[in-house]
>>> print(open('upload-v5.cif').read())   # mmCIF, C-alpha atoms and all ligand atoms
data_model
#
loop_
_atom_site.group_PDB
_atom_site.id
_atom_site.type_symbol
_atom_site.label_atom_id
_atom_site.label_comp_id
_atom_site.auth_asym_id
_atom_site.auth_seq_id
_atom_site.Cartn_x
_atom_site.Cartn_y
_atom_site.Cartn_z
ATOM 1 C CA MET K 1 -68.096 6.400 -65.659
ATOM 2 C CA SER K 2 -71.866 6.577 -65.340
ATOM 3 C CA MET K 3 -73.949 4.325 -63.100
ATOM 4 C CA ASP K 4 -75.358 2.631 -66.167
ATOM 5 C CA GLU K 5 -71.929 1.605 -67.334
ATOM 6 C CA VAL K 6 -70.938 0.403 -63.879
ATOM 7 C CA SER K 7 -74.074 -1.644 -63.487
ATOM 8 C CA PHE K 8 -73.738 -3.038 -67.018
ATOM 9 C CA GLU K 9 -70.206 -4.105 -66.176
ATOM 10 C CA SER K 10 -71.271 -5.808 -62.988
ATOM 11 C CA PHE K 11 -74.129 -7.424 -64.901
ATOM 12 C CA CYS K 12 -71.611 -8.801 -67.414
ATOM 13 C CA SER K 13 -69.479 -10.284 -64.648
ATOM 14 C CA ARG K 14 -72.553 -11.783 -62.952
ATOM 15 C CA PHE K 15 -73.409 -13.548 -66.248
ATOM 16 C CA ALA K 16 -69.897 -14.085 -67.546
ATOM 17 C CA THR K 17 -70.216 -17.703 -68.671
ATOM 18 C CA GLU K 18 -72.781 -19.776 -70.535
ATOM 19 C CA LYS K 19 -73.226 -21.807 -67.366
ATOM 20 C CA ASP K 20 -74.287 -18.724 -65.379
ATOM 21 C CA CYS K 21 -76.850 -17.952 -68.074
ATOM 22 C CA VAL K 22 -78.125 -21.538 -68.367
ATOM 23 C CA GLN K 23 -79.134 -21.538 -64.704
ATOM 24 C CA ALA K 24 -80.952 -18.211 -64.938
ATOM 25 C CA LEU K 25 -82.689 -19.109 -68.192
ATOM 26 C CA TYR K 26 -83.780 -22.473 -66.769
ATOM 27 C CA GLN K 27 -85.361 -20.596 -63.839
ATOM 28 C CA ALA K 28 -87.095 -18.152 -66.175
ATOM 29 C CA LYS K 29 -88.378 -20.875 -68.494
ATOM 30 C CA TRP K 30 -89.413 -23.369 -65.807
ATOM 31 C CA PRO K 31 -89.926 -21.370 -62.597
ATOM 32 C CA ASN K 32 -91.682 -24.370 -61.031
ATOM 33 C CA GLY K 33 -89.155 -26.916 -62.267
ATOM 34 C CA PHE K 34 -88.944 -28.826 -65.540
ATOM 35 C CA CYS K 35 -92.177 -29.438 -67.376
ATOM 36 C CA CYS K 36 -92.166 -31.526 -70.551
ATOM 37 C CA PRO K 37 -93.626 -29.427 -73.387
ATOM 38 C CA ARG K 38 -95.209 -32.573 -74.837
ATOM 39 C CA CYS K 39 -96.650 -34.485 -71.868
ATOM 40 C CA ARG K 40 -96.188 -32.101 -68.874
ATOM 41 C CA HIS K 41 -94.096 -34.695 -67.012
ATOM 42 C CA PRO K 42 -91.958 -33.020 -64.302
ATOM 43 C CA TYR K 43 -88.725 -35.047 -64.622
ATOM 44 C CA ALA K 44 -86.012 -35.061 -67.262
ATOM 45 C CA TYR K 45 -82.525 -36.419 -67.892
ATOM 46 C CA VAL K 46 -80.020 -33.717 -68.707
ATOM 47 C CA ILE K 47 -77.822 -34.287 -71.746
ATOM 48 C CA SER K 48 -74.800 -32.030 -71.430
ATOM 49 C CA THR K 49 -72.778 -32.947 -74.479
ATOM 50 C CA ARG K 50 -73.912 -29.956 -76.528
ATOM 51 C CA ARG K 51 -73.292 -26.227 -76.323
ATOM 52 C CA LEU K 52 -76.545 -25.906 -74.388
ATOM 53 C CA PRO K 53 -78.092 -28.663 -72.264
ATOM 54 C CA LEU K 54 -80.806 -30.839 -73.724
ATOM 55 C CA TYR K 55 -83.582 -32.208 -71.498
ATOM 56 C CA GLU K 56 -85.018 -35.644 -72.197
ATOM 57 C CA CYS K 57 -88.404 -36.291 -70.636
ATOM 58 C CA GLN K 58 -88.300 -39.346 -68.368
ATOM 59 C CA ALA K 59 -91.852 -40.292 -69.400
ATOM 60 C CA CYS K 60 -92.205 -39.709 -73.152
ATOM 61 C CA ARG K 61 -88.498 -39.435 -74.032
ATOM 62 C CA SER K 62 -88.964 -36.338 -76.130
ATOM 63 C CA GLN K 63 -86.038 -33.959 -76.046
ATOM 64 C CA THR K 64 -86.257 -30.239 -75.614
ATOM 65 C CA SER K 65 -83.506 -27.672 -75.632
ATOM 66 C CA LEU K 66 -83.280 -24.831 -73.180
ATOM 67 C CA ILE K 67 -83.948 -22.261 -75.877
ATOM 68 C CA SER K 68 -86.783 -23.989 -77.727
ATOM 69 C CA GLY K 69 -90.034 -22.106 -77.258
ATOM 70 C CA THR K 70 -88.157 -18.907 -76.425
ATOM 71 C CA VAL K 71 -87.210 -15.878 -78.524
ATOM 72 C CA MET K 72 -83.688 -17.359 -78.632
ATOM 73 C CA GLU K 73 -84.793 -20.557 -80.392
ATOM 74 C CA GLY K 74 -82.483 -21.520 -83.238
ATOM 75 C CA SER K 75 -79.967 -18.787 -82.411
ATOM 76 C CA ARG K 76 -76.253 -19.578 -82.365
ATOM 77 C CA THR K 77 -75.434 -16.368 -80.503
ATOM 78 C CA PRO K 78 -74.032 -17.181 -77.036
ATOM 79 C CA LEU K 79 -76.545 -16.826 -74.209
ATOM 80 C CA ARG K 80 -74.275 -14.356 -72.471
ATOM 81 C CA LEU K 81 -74.686 -11.937 -75.386
ATOM 82 C CA TRP K 82 -78.452 -12.483 -75.449
ATOM 83 C CA PHE K 83 -78.493 -11.690 -71.736
ATOM 84 C CA GLN K 84 -76.563 -8.484 -72.316
ATOM 85 C CA ALA K 85 -79.010 -7.529 -75.061
ATOM 86 C CA ILE K 86 -81.993 -8.225 -72.798
ATOM 87 C CA TYR K 87 -80.407 -6.224 -69.984
ATOM 88 C CA LEU K 88 -79.846 -3.272 -72.322
ATOM 89 C CA HIS K 89 -83.428 -3.448 -73.590
ATOM 90 C CA ALA K 90 -84.830 -3.451 -70.060
ATOM 91 C CA ARG K 91 -83.241 -0.107 -69.212
ATOM 92 C CA PRO K 92 -85.302 3.086 -69.582
ATOM 93 C CA VAL K 93 -82.788 4.520 -72.004
ATOM 94 C CA GLY K 94 -83.385 3.076 -75.463
ATOM 95 C CA ILE K 95 -80.987 1.066 -77.594
ATOM 96 C CA ASN K 96 -80.960 0.494 -81.346
ATOM 97 C CA ALA K 97 -79.416 -2.302 -83.413
ATOM 98 C CA LEU K 98 -76.310 -0.346 -84.360
ATOM 99 C CA GLN K 99 -75.549 0.507 -80.732
ATOM 100 C CA LEU K 100 -76.220 -3.070 -79.673
ATOM 101 C CA SER K 101 -73.938 -4.501 -82.365
ATOM 102 C CA ARG K 102 -71.087 -2.323 -81.098
ATOM 103 C CA ILE K 103 -71.650 -3.002 -77.402
ATOM 104 C CA ILE K 104 -71.989 -6.782 -77.556
ATOM 105 C CA GLY K 105 -69.739 -7.303 -80.574
ATOM 106 C CA VAL K 106 -72.025 -8.981 -83.112
ATOM 107 C CA THR K 107 -72.821 -8.042 -86.711
ATOM 108 C CA TYR K 108 -75.464 -5.430 -87.402
ATOM 109 C CA LYS K 109 -77.749 -8.084 -88.903
ATOM 110 C CA THR K 110 -77.506 -10.296 -85.813
ATOM 111 C CA ALA K 111 -78.105 -7.311 -83.549
ATOM 112 C CA TRP K 112 -81.088 -6.248 -85.664
ATOM 113 C CA LEU K 113 -82.681 -9.695 -85.318
ATOM 114 C CA ILE K 114 -82.012 -9.813 -81.569
ATOM 115 C CA CYS K 115 -83.593 -6.374 -81.098
ATOM 116 C CA HIS K 116 -86.691 -7.364 -83.037
ATOM 117 C CA LYS K 117 -87.102 -10.636 -81.166
ATOM 118 C CA ILE K 118 -86.808 -8.948 -77.772
ATOM 119 C CA ARG K 119 -89.189 -6.219 -78.942
ATOM 120 C CA HIS K 120 -91.672 -8.910 -79.967
ATOM 121 C CA ALA K 121 -91.577 -10.367 -76.429
ATOM 122 C CA MET K 122 -92.155 -6.878 -74.998
ATOM 123 C CA SER K 123 -95.058 -6.312 -77.367
ATOM 124 C CA LEU K 124 -96.808 -9.546 -76.347
ATOM 125 C CA ALA K 125 -96.180 -8.833 -72.665
ATOM 126 C CA GLU K 126 -97.864 -5.454 -73.097
ATOM 127 C CA ARG K 127 -100.775 -6.904 -75.012
ATOM 128 C CA ASP K 128 -101.593 -9.241 -72.148
ATOM 129 C CA GLN K 129 -101.702 -6.459 -69.549
ATOM 130 C CA LEU K 130 -104.996 -4.557 -69.791
ATOM 131 C CA LEU K 131 -105.767 -1.055 -68.604
ATOM 132 C CA SER K 132 -107.884 -1.047 -65.467
ATOM 133 C CA GLY K 133 -109.410 1.274 -62.887
ATOM 134 C CA ILE K 134 -110.013 4.778 -64.182
ATOM 135 C CA VAL K 135 -109.152 4.780 -67.864
ATOM 136 C CA SER K 136 -108.974 7.802 -70.164
ATOM 137 C CA LEU K 137 -108.635 7.772 -73.922
ATOM 138 C CA SER K 138 -107.369 10.382 -76.269
ATOM 139 C CA ASP K 139 -106.665 10.730 -79.955
ATOM 140 C CA ALA K 140 -103.156 11.779 -80.815
ATOM 141 C CA VAL K 141 -100.942 12.021 -83.876
ATOM 142 C CA TYR K 142 -97.488 10.522 -84.336
ATOM 143 C CA SER K 143 -95.476 12.905 -86.437
ATOM 144 C CA ASP K 144 -92.133 14.570 -86.503
ATOM 145 C CA ARG K 145 -93.452 17.780 -87.979
ATOM 146 C CA PRO K 146 -95.966 20.326 -86.752
ATOM 147 C CA VAL K 147 -98.887 20.262 -89.141
ATOM 148 C CA ALA K 148 -102.451 21.440 -88.776
ATOM 149 C CA SER K 149 -104.079 20.982 -92.125
ATOM 150 C CA LEU K 150 -107.352 19.251 -92.877
ATOM 151 C CA GLU K 151 -105.641 16.417 -94.724
ATOM 152 C CA TRP K 152 -103.380 13.708 -93.360
ATOM 153 C CA HIS K 153 -99.739 14.046 -94.249
ATOM 154 C CA LYS K 154 -98.130 10.743 -95.222
ATOM 155 C CA GLN K 155 -95.707 11.012 -92.299
ATOM 156 C CA GLU K 156 -98.501 11.482 -89.803
ATOM 157 C CA GLN K 157 -99.964 8.472 -88.050
ATOM 158 C CA PRO K 158 -103.150 8.799 -85.988
ATOM 159 C CA LEU K 159 -102.902 7.141 -82.587
ATOM 160 C CA ILE K 160 -105.109 6.319 -79.654
ATOM 161 C CA ILE K 161 -103.575 6.549 -76.220
ATOM 162 C CA GLY K 162 -105.234 4.908 -73.239
ATOM 163 C CA ALA K 163 -104.135 5.567 -69.686
ATOM 164 C CA SER K 164 -104.988 4.076 -66.302
ATOM 165 C CA SER K 165 -104.925 6.716 -63.585
ATOM 166 C CA GLU K 166 -105.011 6.863 -59.833
ATOM 167 C CA GLU K 167 -107.807 8.887 -58.240
ATOM 168 C CA THR K 168 -105.414 11.812 -57.999
ATOM 169 C CA GLY K 169 -105.193 11.759 -61.780
ATOM 170 C CA LYS K 170 -101.639 10.418 -61.828
ATOM 171 C CA VAL K 171 -101.154 8.178 -64.847
ATOM 172 C CA VAL K 172 -99.810 4.742 -63.904
ATOM 173 C CA ARG K 173 -100.068 2.705 -67.110
ATOM 174 C CA ILE K 174 -100.383 3.560 -70.778
ATOM 175 C CA LYS K 175 -101.078 1.900 -74.097
ATOM 176 C CA ILE K 176 -100.611 3.571 -77.450
ATOM 177 C CA LYS K 177 -102.085 2.071 -80.612
ATOM 178 C CA LYS K 178 -102.093 3.081 -84.257
ATOM 179 C CA GLN K 179 -105.467 3.830 -85.743
ATOM 180 C CA ASN K 180 -106.706 4.054 -89.287
ATOM 181 C CA LYS K 181 -106.632 7.351 -91.125
ATOM 182 C CA VAL K 182 -110.269 8.439 -91.259
ATOM 183 C CA PRO K 183 -110.988 11.776 -92.986
ATOM 184 C CA LEU K 184 -110.054 14.615 -90.643
ATOM 185 C CA THR K 185 -113.295 16.378 -91.375
ATOM 186 C CA SER K 186 -115.320 13.421 -90.116
ATOM 187 C CA ARG K 187 -117.692 14.428 -87.329
ATOM 188 C CA TYR K 188 -117.853 10.949 -85.877
ATOM 189 C CA ASP K 189 -115.753 8.947 -83.497
ATOM 190 C CA SER K 190 -113.331 6.615 -85.123
ATOM 191 C CA PRO K 191 -114.540 3.000 -84.884
ATOM 192 C CA ASP K 192 -111.000 2.244 -83.741
ATOM 193 C CA GLN K 193 -111.908 3.585 -80.311
ATOM 194 C CA GLU K 194 -114.339 0.746 -79.770
ATOM 195 C CA ILE K 195 -111.752 -1.760 -80.932
ATOM 196 C CA PHE K 196 -109.168 -0.168 -78.644
ATOM 197 C CA ILE K 197 -111.478 -0.484 -75.651
ATOM 198 C CA ARG K 198 -112.391 -4.062 -76.482
ATOM 199 C CA GLU K 199 -108.775 -5.150 -76.849
ATOM 200 C CA ASN K 200 -106.970 -3.088 -74.222
ATOM 201 C CA VAL K 201 -109.276 -2.240 -71.325
ATOM 202 C CA GLU K 202 -110.584 -4.448 -68.533
ATOM 203 C CA PRO K 203 -114.378 -4.819 -68.805
ATOM 204 C CA THR K 204 -114.695 -3.560 -65.216
ATOM 205 C CA ALA K 205 -112.711 -0.365 -65.858
ATOM 206 C CA LEU K 206 -114.361 3.015 -65.647
ATOM 207 C CA VAL K 207 -113.748 4.446 -69.110
ATOM 208 C CA ARG K 208 -113.743 8.192 -69.383
ATOM 209 C CA ARG K 209 -113.635 9.021 -73.060
ATOM 210 C CA ILE K 210 -112.365 12.309 -74.307
ATOM 211 C CA VAL K 211 -112.628 14.177 -77.557
ATOM 212 C CA LYS K 212 -111.235 12.369 -80.500
ATOM 213 C CA ARG K 213 -110.955 14.748 -83.356
ATOM 214 C CA ARG K 214 -107.573 16.086 -84.246
ATOM 215 C CA ILE K 215 -108.652 19.663 -84.431
ATOM 216 C CA GLY K 216 -110.950 19.607 -81.437
ATOM 217 C CA ARG K 217 -110.719 22.069 -78.616
ATOM 218 C CA HIS K 218 -111.201 19.580 -75.801
ATOM 219 C CA ARG K 219 -107.970 17.666 -75.831
ATOM 220 C CA ASP K 220 -106.500 15.776 -72.911
ATOM 221 C CA LEU K 221 -103.217 17.604 -72.820
ATOM 222 C CA ALA K 222 -101.558 15.214 -70.370
ATOM 223 C CA LEU K 223 -102.179 12.274 -72.695
ATOM 224 C CA VAL K 224 -101.230 14.281 -75.754
ATOM 225 C CA ARG K 225 -97.954 15.157 -74.035
ATOM 226 C CA LEU K 226 -97.281 11.471 -73.296
ATOM 227 C CA CYS K 227 -97.654 10.704 -77.004
ATOM 228 C CA LEU K 228 -95.302 13.532 -77.892
ATOM 229 C CA GLU K 229 -92.756 12.114 -75.468
ATOM 230 C CA ALA K 230 -93.168 8.675 -77.044
ATOM 231 C CA ALA K 231 -92.644 10.108 -80.527
ATOM 232 C CA SER K 232 -89.594 12.032 -79.404
ATOM 233 C CA TYR K 233 -88.061 8.979 -77.654
ATOM 234 C CA LEU K 234 -88.679 6.715 -80.652
ATOM 235 C CA GLY K 235 -87.443 9.327 -83.117
ATOM 236 C CA GLN K 236 -84.212 9.870 -81.216
ATOM 237 C CA THR K 237 -83.532 6.189 -80.613
ATOM 238 C CA PHE K 238 -84.607 4.580 -83.856
ATOM 239 C CA HIS K 239 -84.650 7.279 -86.574
ATOM 240 C CA GLY K 240 -87.395 6.963 -89.177
ATOM 241 C CA ILE K 241 -89.729 4.123 -88.171
ATOM 242 C CA GLY K 242 -92.079 3.249 -91.042
ATOM 243 C CA PRO K 243 -95.839 2.988 -90.445
ATOM 244 C CA LYS K 244 -95.752 -0.798 -90.918
ATOM 245 C CA HIS K 245 -93.485 -1.308 -87.900
ATOM 246 C CA LEU K 246 -94.566 1.615 -85.753
ATOM 247 C CA GLN K 247 -96.918 -0.416 -83.558
ATOM 248 C CA VAL K 248 -94.304 -2.785 -82.193
ATOM 249 C CA TYR K 249 -92.001 0.149 -81.361
ATOM 250 C CA LEU K 250 -94.896 1.875 -79.586
ATOM 251 C CA ASP K 251 -95.433 -1.326 -77.617
ATOM 252 C CA GLN K 252 -91.760 -1.359 -76.672
ATOM 253 C CA TYR K 253 -92.011 2.246 -75.517
ATOM 254 C CA CYS K 254 -95.092 1.480 -73.407
ATOM 255 C CA TYR K 255 -93.396 -1.609 -71.947
ATOM 256 C CA ILE K 256 -90.516 0.541 -70.695
ATOM 257 C CA TRP K 257 -92.744 3.420 -69.593
ATOM 258 C CA ASN K 258 -95.016 1.105 -67.621
ATOM 259 C CA ARG K 259 -92.040 -0.346 -65.744
ATOM 260 C CA ARG K 260 -90.002 2.779 -65.237
ATOM 261 C CA LYS K 261 -89.539 2.240 -61.515
ATOM 262 C CA GLN K 262 -88.686 -1.446 -61.424
ATOM 263 C CA ALA K 263 -85.544 -3.443 -61.878
ATOM 264 C CA ALA K 264 -86.448 -5.052 -65.127
ATOM 265 C CA PHE K 265 -83.904 -7.586 -66.390
ATOM 266 C CA LEU K 266 -85.334 -10.715 -64.798
ATOM 267 C CA GLU K 267 -88.879 -9.850 -65.809
ATOM 268 C CA LEU K 268 -87.867 -9.271 -69.418
ATOM 269 C CA LEU K 269 -85.803 -12.473 -69.400
ATOM 270 C CA GLN K 270 -88.922 -14.295 -68.300
ATOM 271 C CA PHE K 271 -91.001 -12.794 -71.107
ATOM 272 C CA CYS K 272 -88.273 -13.755 -73.584
ATOM 273 C CA ALA K 273 -88.256 -17.282 -72.174
ATOM 274 C CA ILE K 274 -91.990 -17.816 -72.687
ATOM 275 C CA THR K 275 -92.400 -16.059 -76.037
ATOM 276 C CA ARG K 276 -91.931 -18.118 -79.164
ATOM 277 C CA LYS K 277 -89.504 -16.495 -81.531
ATOM 278 C CA ILE K 278 -90.955 -14.404 -84.314
ATOM 279 C CA THR K 279 -90.067 -15.653 -87.779
ATOM 280 C CA TYR K 280 -88.145 -13.653 -90.337
ATOM 281 C CA PRO K 281 -91.125 -13.152 -92.724
ATOM 282 C CA LYS K 282 -93.196 -11.820 -89.828
ATOM 283 C CA LEU K 283 -90.386 -9.528 -88.746
ATOM 284 C CA THR K 284 -90.050 -8.079 -92.187
ATOM 285 C CA GLY K 285 -93.781 -7.572 -92.427
ATOM 286 C CA SER K 286 -94.624 -9.933 -95.257
ATOM 287 C CA THR K 287 -97.318 -11.548 -93.112
ATOM 288 C CA PRO K 288 -99.359 -10.054 -90.276
ATOM 289 C CA VAL K 289 -98.097 -10.852 -86.790
ATOM 290 C CA ARG K 290 -100.389 -13.159 -84.902
ATOM 291 C CA SER K 291 -99.890 -14.714 -81.546
ATOM 292 C CA SER K 292 -101.180 -17.886 -80.028
ATOM 293 C CA ARG K 293 -101.694 -16.189 -76.683
ATOM 294 C CA PRO K 294 -105.304 -15.157 -76.044
ATOM 295 C CA LYS K 295 -106.313 -11.518 -76.309
ATOM 296 C CA ARG K 296 -108.737 -9.436 -74.365
ATOM 297 C CA HIS K 297 -109.561 -5.719 -74.243
ATOM 298 C CA TYR K 298 -108.640 -1.654 -73.748
ATOM 299 C CA GLY K 299 -108.927 2.432 -73.454
ATOM 300 C CA VAL K 300 -108.986 6.604 -74.614
ATOM 301 C CA ALA K 301 -109.387 9.663 -77.018
ATOM 302 C CA SER K 302 -108.119 13.351 -77.441
ATOM 303 C CA THR K 303 -106.316 15.215 -80.142
ATOM 304 C CA LEU K 304 -102.641 15.724 -80.599
ATOM 305 C CA VAL K 305 -101.553 18.007 -83.371
ATOM 306 C CA GLY K 306 -98.022 17.783 -84.649
HETATM 307 ZN ZN ZN A 1 -92.790 -35.866 -71.927
#
>>> encode(input="upload-v5.cif", output="structure tokens")
Amino acid sequence: MSMDEVSFESFCSRFATEKDCVQALYQAKWPNGFCCPRCRHPYAYVISTRRLPLYECQACRSQTSLISGTVMEGSRTPLRLWFQAIYLHARPVGINALQLSRIIGVTYKTAWLICHKIRHAMSLAERDQLLSGIVSLSDAVYSDRPVASLEWHKQEQPLIIGASSEETGKVVRIKIKKQNKVPLTSRYDSPDQEIFIRENVEPTALVRRIVKRRIGRHRDLALVRLCLEAASYLGQTFHGIGPKHLQVYLDQYCYIWNRRKQAAFLELLQFCAITRKITYPKLTGSTPVRSSRPKRHYGVASTLVG
């Protein structure tokens, strides 16, 4: 049995009951103690007659459930299964909806929704963490086929990767964003680079921009390689991600990559506890995803072919 399986088993026994999960979720949602979502009052009565406790504010009497305002809001799936799903998403090795449905014993549709809701929390967590210090940018291409023509193939998606590095050049944090398909023969920088920097890079960062055109000779090979690794990871884990959903999967990849050395369950639980659930129409792409959390800026450019 691998270490992953052993630790997953011990995780499951640590959070074996709804009560175990309620305590941990309460901590993640209100790390400084209860806070009424309506009036900020710090005291509540606990109503324990339901599946999950309800908290009634002692000042304004409004009631709030433990899962309201979290990605779990409205879900009837037991917390213990949500916890297992969050644990599995926090590991460096990826998990897809089919695998999740088998491991935690829910339908594919339920697993699919859980995966997307957790991914949404990861995506917002990444958006709020800007690149800082020495930042490099590079153009890259997301594709599962080696192509080097002067026209975009429909399966190719141009990307910008931004990376924060230590002075030694070691990359410590990355962001990968889709960009628009400008003509490959264009001699100019894509305007998306400016947008990327504005949205993903600290204003005080030292931005070192690199060549952006796909068929340029001056590519940042380290960054190009990171994008290839991302494409390979996503391709193997999720099989055939459409362009409409690619960004949120890239965000998930960057979330994991940026935390590859940390124990991650509690941090991801916390992000899930402070992220409002994404609605079904937004998940399925019928409306653009917007968030109420404020945005700031970004990062890089080189060329990745194939
Ligand atoms: Zn209140």
>>> residues_near_ligand(input="upload-v5.cif", ligand="ligand ZN 1 (chain A)", cutoff="8 Å", atoms="all atoms listed in the file", output="tab-separated table (two decimals) with C-alpha atoms, in the coordinates of the input")
chain	number	residue	atom	x	y	z
K	35	CYS	CA	-92.18	-29.44	-67.38
K	36	CYS	CA	-92.17	-31.53	-70.55
K	37	PRO	CA	-93.63	-29.43	-73.39
K	38	ARG	CA	-95.21	-32.57	-74.84
K	39	CYS	CA	-96.65	-34.48	-71.87
K	40	ARG	CA	-96.19	-32.10	-68.87
K	41	HIS	CA	-94.10	-34.70	-67.01
K	56	GLU	CA	-85.02	-35.64	-72.20
K	57	CYS	CA	-88.40	-36.29	-70.64
K	58	GLN	CA	-88.30	-39.35	-68.37
K	59	ALA	CA	-91.85	-40.29	-69.40
K	60	CYS	CA	-92.20	-39.71	-73.15
K	61	ARG	CA	-88.50	-39.44	-74.03
K	62	SER	CA	-88.96	-36.34	-76.13
>>> closest_residue(input="upload-v5.cif", among="K:Glu73, K:Ser7, K:Ser132, K:Cys254", to="Glu202 of chain K", atoms="only C-alpha atoms")
K:Ser132
>>> axis_aligned_box(input="upload-v5.cif", around="segment 99-111 of chain K", padding_each_side="8 Å", output="JSON")
{"center_x": -73.9, "center_y": -4.9, "center_z": -83.2, "size_x": 24.4, "size_y": 26.8, "size_z": 27.5}
>>> residues_around(input="upload-v5.cif", residues="Pro78 of chain K", least_positions_apart="3", cutoff="12 Å", atoms="all atoms listed in the file", output="list in words")
Phe15, Ala16, Thr17, Glu18, Lys19, Asp20, Cys21, Val22, Arg51, Leu52, Ile67, Met72, Glu73, Gly74, Ser75, Leu81, Trp82, Phe83, Gln84, Ala85, Ile104, Gly105, Val106, Thr110 and Ile114 of chain K
>>> atom_distance(input="upload-v5.cif", atom1="atom CA of His245 of chain K", atom2="atom CA of Pro92 of chain K")
20.5 Å
>>> resolve_selection(input="upload-v5.cif", expression="the PyMOL selection byres (((chain K and resi 103) around 12) and not hetatm)", output="ChimeraX atom specification")
/K:5,8-9,12,81-82,84-85,87-88,95-102,104-108,111
>>> resolve_selection(input="upload-v5.cif", expression="the PyMOL selection byres (((chain K and resi 118) around 10) and not hetatm)", output="number ranges by chain")
K: 71-72, 82, 85-86, 89-90, 113-117, 119-123, 252, 268-269, 271-272, 275, 277-278
>>> resolve_selection(input="upload-v5.cif", expression="the PyMOL selection byres (((chain K and resi 130) around 6) and not hetatm)", output="ChimeraX atom specification")
/K:129,131,200-202
>>> atom_distance(input="upload-v5.cif", atom1="atom CA of Lys261 of chain K", atom2="atom CA of Pro158 of chain K")
28.8 Å
